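S.K.: What follows is a single structure, and I will ask about it in a moment.
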Amino acid sequence: MHRCYFISITDLTDRADVPGWVAALARNGETEEATRKAVAAILGDLRRDGLQAALNWTQRLDGVALDAAALRVPASALAAARTDLDREQPDLMAALREMIASVRRFAEGQRGCLRDLELALPAGGTVGERWCPLQTAGVYIPGGRAFYPSTLAMTVIPAQVAGVARIVGVTPPKAQPTLPGAWGIDPLVLACAAELGLTELYPFGGAQALGWLAYGEPAVDLIAGPGNRFVAEAKRQLIGICGIDALAGPTELLVIADGSADPARVAEDLLAQAEHDPDAAAVLVSADRALLEAVARELKTRTEASPRRTILEQSLATHGRLVRADRDLALALAQAWAPEHLELCVEDPESWLPGLTHAGAVFIGTASAEAFGDYGAGPNHVLPTNRTARYTSPLGVATFLKRQSLIRLSPGDAAAMAPWVERLAEAEGLPHHARSAALRAHRP
């Protein structure tokens, strides 16, 4: 068995072992309980003290003393960041604009598919539904170990295309920012906000940011955007207070590869996920032992040379896996884990698709690196994690819309429906429902 110092190759030989593999990829129970308690304390303070609690927790956790009278990043700072970027790094500004255009094009395509419905009834009435935009939405932009203008675009653009009236952005401040930026926010994020036309951006991060969005002045209808385990837990605890997009916690990638795959490409795809966070999960499954051994060597060499070596070693040692399994077991593992990202680095990847319904996003073929999805191929990179891809969907325009039923009955429709509605209401012991229907049929 080939080993490197943080990850080894193991075999999956029996379908009965799949649940155990999935359980091993789950977050540590003790850590989860500690996270739950920490987040509950923060949200409890926010519920009681509002903005002041958000300020207190920001100073305590981020080391930044914010001014309550000057929280909102001014339009002048956003515009200046865009002007500076355009002048000093025009290639980067051009790349930013390409990403924004690609994400917006896809979002507009999504919106075009969400059509109102109207069905005619026999006596002239209609029933149907319409899509209505939310009034307010909060978007969370991670910023702990890196800054993510890409996530700003991925969250703001679908909300804009949906027609959300007020979009409030939050992102963690830095006590000593590497680059000079307003409130410790990276200038690239500020420039992206300006390019998007986002007018509200605030320097809050972590659970306190979500608590402020839900309990503070914004009191948003929905919170969207990825984050670490504290952000995901805050979303879980805020269900019922406001809407959430999904429980998008630490990132996950499952690569299914065969002997035709390039070990260097596969290794870099795994590292691209592992570099996000020590809690990130990067897993390779293949029936080809030679490929697994080659990828293990590549991971070792590339990790040792990486500027993010510490994060990579922590992530791969804890949540990294190199698994030898045949096709049937690879499919079973993918369906059971329901990973956020799934790459098919195999010959004839299309033949695998019918059996892979549980994944946030599927990257089909060796050219389709997950990194392209992160930076604007079109579909959103805010995706369900921690097995929630079994029942929820990627962030998109529909996230920021709600369906409203429409019932428009004619007198004839009401008269025709009344007898069977009365009978059902009586059977359920609801006499006033029955009488309400009877009156529409002109029966006392």
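Chain labels follow the order of the structure tokens: the first chain is A, the next B, and so on; residue numbering restarts at 1 in every chain, and ligands are counted from 1 in their shown order.
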Tell me, as a ChimeraX atom specification, which residues lie within 8 Å of segment 35-45 of chain A, counting only C-alpha atoms; anything in the same chain fewer than 4 positions away does not count.
M.R.: /A:31,49-50,53,57,207-208,211,229-230,233-234,237
S.K.: Any chance you could export the current selection's C-alpha atoms as a short mmCIF file (atom, residue, chain, number, x, y, z; two decimals), in the first residue's frame?
M.R.:
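Resulting contents of selection02.cif:
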data_model
loop_
_atom_site.label_atom_id
_atom_site.label_comp_id
_atom_site.auth_asym_id
_atom_site.auth_seq_id
_atom_site.Cartn_x
_atom_site.Cartn_y
_atom_site.Cartn_z
CA THR A 31 -17.00 19.64 17.52
CA ASP A 49 -29.12 43.44 22.15
CA GLY A 50 -29.22 43.77 18.37
CA ALA A 53 -24.13 42.65 20.33
CA TRP A 57 -18.78 40.03 19.05
CA ALA A 207 -22.57 34.00 13.27
CA GLN A 208 -22.88 37.60 14.47
CA GLY A 211 -27.74 37.29 13.63
CA ARG A 229 -19.28 25.55 10.28
CA PHE A 230 -20.26 28.52 12.49
CA GLU A 233 -24.88 26.40 12.26
CA ALA A 234 -26.17 29.97 12.53
CA GLN A 237 -30.62 28.02 14.23
#
S.K.: Please list as a short mmCIF file (atom, residue, chain, number, x, y, z; two decimals) with C-alpha atoms, in the first residue's frame every residue within 12 Å of Thr388 of chain A, counting only C-alpha atoms and excluding residues in the same chain fewer than 5 positions away.
M.R.:
data_model
loop_
_atom_site.label_atom_id
_atom_site.label_comp_id
_atom_site.auth_asym_id
_atom_site.auth_seq_id
_atom_site.Cartn_x
_atom_site.Cartn_y
_atom_site.Cartn_z
CA ALA A 232 -23.80 26.95 8.66
CA ASP A 245 -30.73 29.19 1.02
CA ALA A 246 -29.14 25.96 2.28
CA LEU A 247 -26.78 24.69 4.95
CA ALA A 248 -23.67 25.42 2.89
CA GLY A 249 -20.84 24.64 5.27
CA GLU A 252 -16.63 19.03 -0.38
CA GLN A 335 -25.18 8.70 -3.84
CA ALA A 336 -24.82 8.07 -0.11
CA TRP A 337 -22.48 11.00 0.53
CA ALA A 338 -24.28 13.44 -1.81
CA PRO A 339 -21.19 15.65 -2.20
CA GLU A 340 -21.27 19.35 -2.90
CA HIS A 358 -27.33 13.32 -5.31
CA ALA A 359 -24.72 16.04 -5.85
CA GLY A 360 -24.82 19.82 -5.77
CA LEU A 383 -24.06 24.61 -3.25
CA SER A 393 -30.54 22.62 -4.81
CA PRO A 394 -27.81 25.09 -5.74
#
S.K.: With only C-alpha atoms as the atoms that count, which of A:Ile100, A:Ala24, A:Ala120, A:Gly206 lies nearest to Asp62 of chain A?
M.R.: A:Gly206
S.K.: Quick one: DSSP strand (DSSP E) residues in segment 109-305 of chain A, as number ranges by chain?
M.R.: A: 117-120, 126-133, 136-140, 166-170, 201-202, 222-224, 243-244, 252-257, 281-286
S.K.: Emit the selected residues as a short mmCIF file (atom, residue, chain, number, x, y, z; two decimals), in the first residue's frame, including N, CA and C atoms.
M.R.:
data_model
loop_
_atom_site.label_atom_id
_atom_site.label_comp_id
_atom_site.auth_asym_id
_atom_site.auth_seq_id
_atom_site.Cartn_x
_atom_site.Cartn_y
_atom_site.Cartn_z
N LEU A 117 -48.15 30.39 -13.99
CA LEU A 117 -49.05 29.32 -14.47
C LEU A 117 -50.49 29.77 -14.32
N GLU A 118 -51.31 29.50 -15.33
CA GLU A 118 -52.74 29.75 -15.23
C GLU A 118 -53.49 28.64 -15.96
N LEU A 119 -54.44 28.01 -15.25
CA LEU A 119 -55.24 26.93 -15.81
C LEU A 119 -56.71 27.33 -15.78
N ALA A 120 -57.41 27.10 -16.87
CA ALA A 120 -58.83 27.46 -16.96
C ALA A 120 -59.70 26.42 -16.28
N THR A 126 -60.29 30.62 -13.11
CA THR A 126 -58.91 30.16 -13.34
C THR A 126 -58.24 29.87 -12.00
N VAL A 127 -57.26 28.98 -12.05
CA VAL A 127 -56.35 28.76 -10.92
C VAL A 127 -54.93 28.80 -11.47
N GLY A 128 -54.01 29.15 -10.62
CA GLY A 128 -52.63 29.22 -11.08
C GLY A 128 -51.70 29.64 -9.97
N GLU A 129 -50.54 30.08 -10.38
CA GLU A 129 -49.57 30.59 -9.43
C GLU A 129 -48.67 31.59 -10.14
N ARG A 130 -48.05 32.45 -9.33
CA ARG A 130 -47.10 33.40 -9.89
C ARG A 130 -45.86 33.45 -9.01
N TRP A 131 -44.76 33.83 -9.62
CA TRP A 131 -43.49 33.96 -8.93
C TRP A 131 -43.35 35.40 -8.45
N CYS A 132 -43.06 35.56 -7.16
CA CYS A 132 -42.91 36.90 -6.58
C CYS A 132 -41.53 37.02 -5.95
N PRO A 133 -40.80 38.13 -6.19
CA PRO A 133 -39.49 38.29 -5.57
C PRO A 133 -39.62 38.58 -4.07
N THR A 136 -36.46 41.54 0.79
CA THR A 136 -35.12 41.79 1.32
C THR A 136 -34.33 40.49 1.36
N ALA A 137 -33.04 40.58 1.10
CA ALA A 137 -32.16 39.41 1.18
C ALA A 137 -30.81 39.85 1.71
N GLY A 138 -30.25 39.01 2.58
CA GLY A 138 -28.90 39.22 3.06
C GLY A 138 -27.97 38.23 2.39
N VAL A 139 -26.82 38.68 1.92
CA VAL A 139 -25.86 37.79 1.28
C VAL A 139 -24.57 37.79 2.10
N TYR A 140 -24.09 36.59 2.41
CA TYR A 140 -22.90 36.44 3.23
C TYR A 140 -21.70 36.12 2.35
N ARG A 166 -34.23 44.96 -1.83
CA ARG A 166 -33.11 45.39 -0.99
C ARG A 166 -32.17 44.21 -0.75
N ILE A 167 -30.91 44.37 -1.14
CA ILE A 167 -29.90 43.34 -0.97
C ILE A 167 -28.83 43.90 -0.04
N VAL A 168 -28.58 43.19 1.07
CA VAL A 168 -27.63 43.63 2.07
C VAL A 168 -26.47 42.64 2.12
N GLY A 169 -25.26 43.12 1.85
CA GLY A 169 -24.09 42.27 1.88
C GLY A 169 -23.32 42.41 3.18
N VAL A 170 -22.81 41.30 3.70
CA VAL A 170 -21.94 41.32 4.88
C VAL A 170 -20.71 40.46 4.60
N LEU A 201 -23.13 47.30 1.90
CA LEU A 201 -22.11 46.34 2.29
C LEU A 201 -21.61 46.72 3.68
N TYR A 202 -21.58 45.72 4.58
CA TYR A 202 -21.25 45.98 5.98
C TYR A 202 -20.16 45.02 6.45
N LEU A 222 -34.50 36.53 3.78
CA LEU A 222 -33.71 35.34 3.49
C LEU A 222 -32.23 35.67 3.58
N ILE A 223 -31.45 34.69 4.06
CA ILE A 223 -29.99 34.81 4.09
C ILE A 223 -29.40 33.76 3.16
N ALA A 224 -28.47 34.19 2.31
CA ALA A 224 -27.84 33.29 1.35
C ALA A 224 -26.33 33.45 1.41
N GLY A 243 -35.78 33.00 6.06
CA GLY A 243 -35.43 31.92 5.15
C GLY A 243 -33.93 31.77 5.03
N ILE A 244 -33.47 30.58 4.68
CA ILE A 244 -32.07 30.38 4.34
C ILE A 244 -32.00 29.65 3.01
N GLU A 252 -16.82 20.46 -0.16
CA GLU A 252 -16.63 19.03 -0.38
C GLU A 252 -16.40 18.78 -1.87
N LEU A 253 -15.53 17.83 -2.18
CA LEU A 253 -15.32 17.41 -3.56
C LEU A 253 -15.13 15.90 -3.59
N LEU A 254 -15.87 15.24 -4.47
CA LEU A 254 -15.64 13.84 -4.78
C LEU A 254 -15.22 13.76 -6.24
N VAL A 255 -14.06 13.19 -6.50
CA VAL A 255 -13.59 12.94 -7.86
C VAL A 255 -13.69 11.45 -8.12
N ILE A 256 -14.39 11.09 -9.18
CA ILE A 256 -14.41 9.70 -9.65
C ILE A 256 -13.55 9.67 -10.91
N ALA A 257 -12.51 8.85 -10.90
CA ALA A 257 -11.56 8.85 -12.02
C ALA A 257 -11.22 7.43 -12.41
N ALA A 281 -13.42 18.76 2.63
CA ALA A 281 -13.29 17.32 2.34
C ALA A 281 -12.97 17.13 0.86
N ALA A 282 -11.89 16.39 0.58
CA ALA A 282 -11.49 16.11 -0.81
C ALA A 282 -11.26 14.61 -0.93
N VAL A 283 -12.03 13.95 -1.79
CA VAL A 283 -12.02 12.49 -1.89
C VAL A 283 -11.86 12.06 -3.34
N LEU A 284 -10.99 11.11 -3.57
CA LEU A 284 -10.82 10.51 -4.89
C LEU A 284 -11.20 9.04 -4.81
N VAL A 285 -12.03 8.59 -5.75
CA VAL A 285 -12.41 7.19 -5.85
C VAL A 285 -12.04 6.70 -7.24
N SER A 286 -11.35 5.57 -7.29
CA SER A 286 -10.97 4.98 -8.58
C SER A 286 -10.77 3.49 -8.41
#
S.K.: Within 10 Å of Thr151 of chain A, counting only C-alpha atoms, which residues show up once you throw out same-chain ones fewer than 4 positions away? Write them as a ChimeraX atom specification, please.
M.R.: /A:139-142,147,155-157,189,225-226,374-376,380-382
S.K.: Can I get the selected residues back with N, CA and C atoms, as a short mmCIF file (atom, residue, chain, number, x, y, z; two decimals), in the first residue's frame?
M.R.:
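Result saved to result-v5.cif:
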data_model
loop_
_atom_site.label_atom_id
_atom_site.label_comp_id
_atom_site.auth_asym_id
_atom_site.auth_seq_id
_atom_site.Cartn_x
_atom_site.Cartn_y
_atom_site.Cartn_z
N VAL A 139 -26.82 38.68 1.92
CA VAL A 139 -25.86 37.79 1.28
C VAL A 139 -24.57 37.79 2.10
N TYR A 140 -24.09 36.59 2.41
CA TYR A 140 -22.90 36.44 3.23
C TYR A 140 -21.70 36.12 2.35
N ILE A 141 -20.63 36.92 2.50
CA ILE A 141 -19.43 36.73 1.70
C ILE A 141 -18.31 36.31 2.64
N PRO A 142 -17.85 35.05 2.58
CA PRO A 142 -16.79 34.62 3.49
C PRO A 142 -15.53 35.48 3.34
N PHE A 147 -10.44 36.25 0.56
CA PHE A 147 -11.56 37.09 0.17
C PHE A 147 -12.19 36.52 -1.10
N THR A 155 -23.91 35.44 -5.25
CA THR A 155 -25.07 35.66 -4.38
C THR A 155 -25.89 36.87 -4.78
N VAL A 156 -25.22 37.93 -5.21
CA VAL A 156 -25.93 39.17 -5.52
C VAL A 156 -26.67 39.08 -6.85
N ILE A 157 -26.03 38.51 -7.87
CA ILE A 157 -26.63 38.52 -9.21
C ILE A 157 -27.97 37.77 -9.26
N VAL A 189 -13.05 42.99 -3.42
CA VAL A 189 -14.45 42.80 -3.03
C VAL A 189 -15.21 44.12 -3.19
N GLY A 225 -25.64 32.39 1.01
CA GLY A 225 -24.19 32.45 0.93
C GLY A 225 -23.52 31.38 1.77
N PRO A 226 -22.32 30.94 1.36
CA PRO A 226 -21.61 29.88 2.07
C PRO A 226 -20.81 30.42 3.25
N ASP A 374 -16.30 27.51 -9.82
CA ASP A 374 -16.10 28.51 -8.77
C ASP A 374 -16.04 29.92 -9.33
N TYR A 375 -15.51 30.05 -10.55
CA TYR A 375 -15.25 31.38 -11.07
C TYR A 375 -16.08 31.77 -12.28
N GLY A 376 -17.25 31.16 -12.42
CA GLY A 376 -18.17 31.78 -13.35
C GLY A 376 -18.48 31.08 -14.64
N ASN A 380 -24.30 28.43 -10.30
CA ASN A 380 -23.84 29.03 -9.06
C ASN A 380 -22.87 28.13 -8.29
N HIS A 381 -21.91 28.75 -7.62
CA HIS A 381 -20.97 27.95 -6.83
C HIS A 381 -21.39 27.85 -5.37
N VAL A 382 -22.52 28.43 -5.00
CA VAL A 382 -23.05 28.24 -3.64
C VAL A 382 -23.95 27.01 -3.69
#
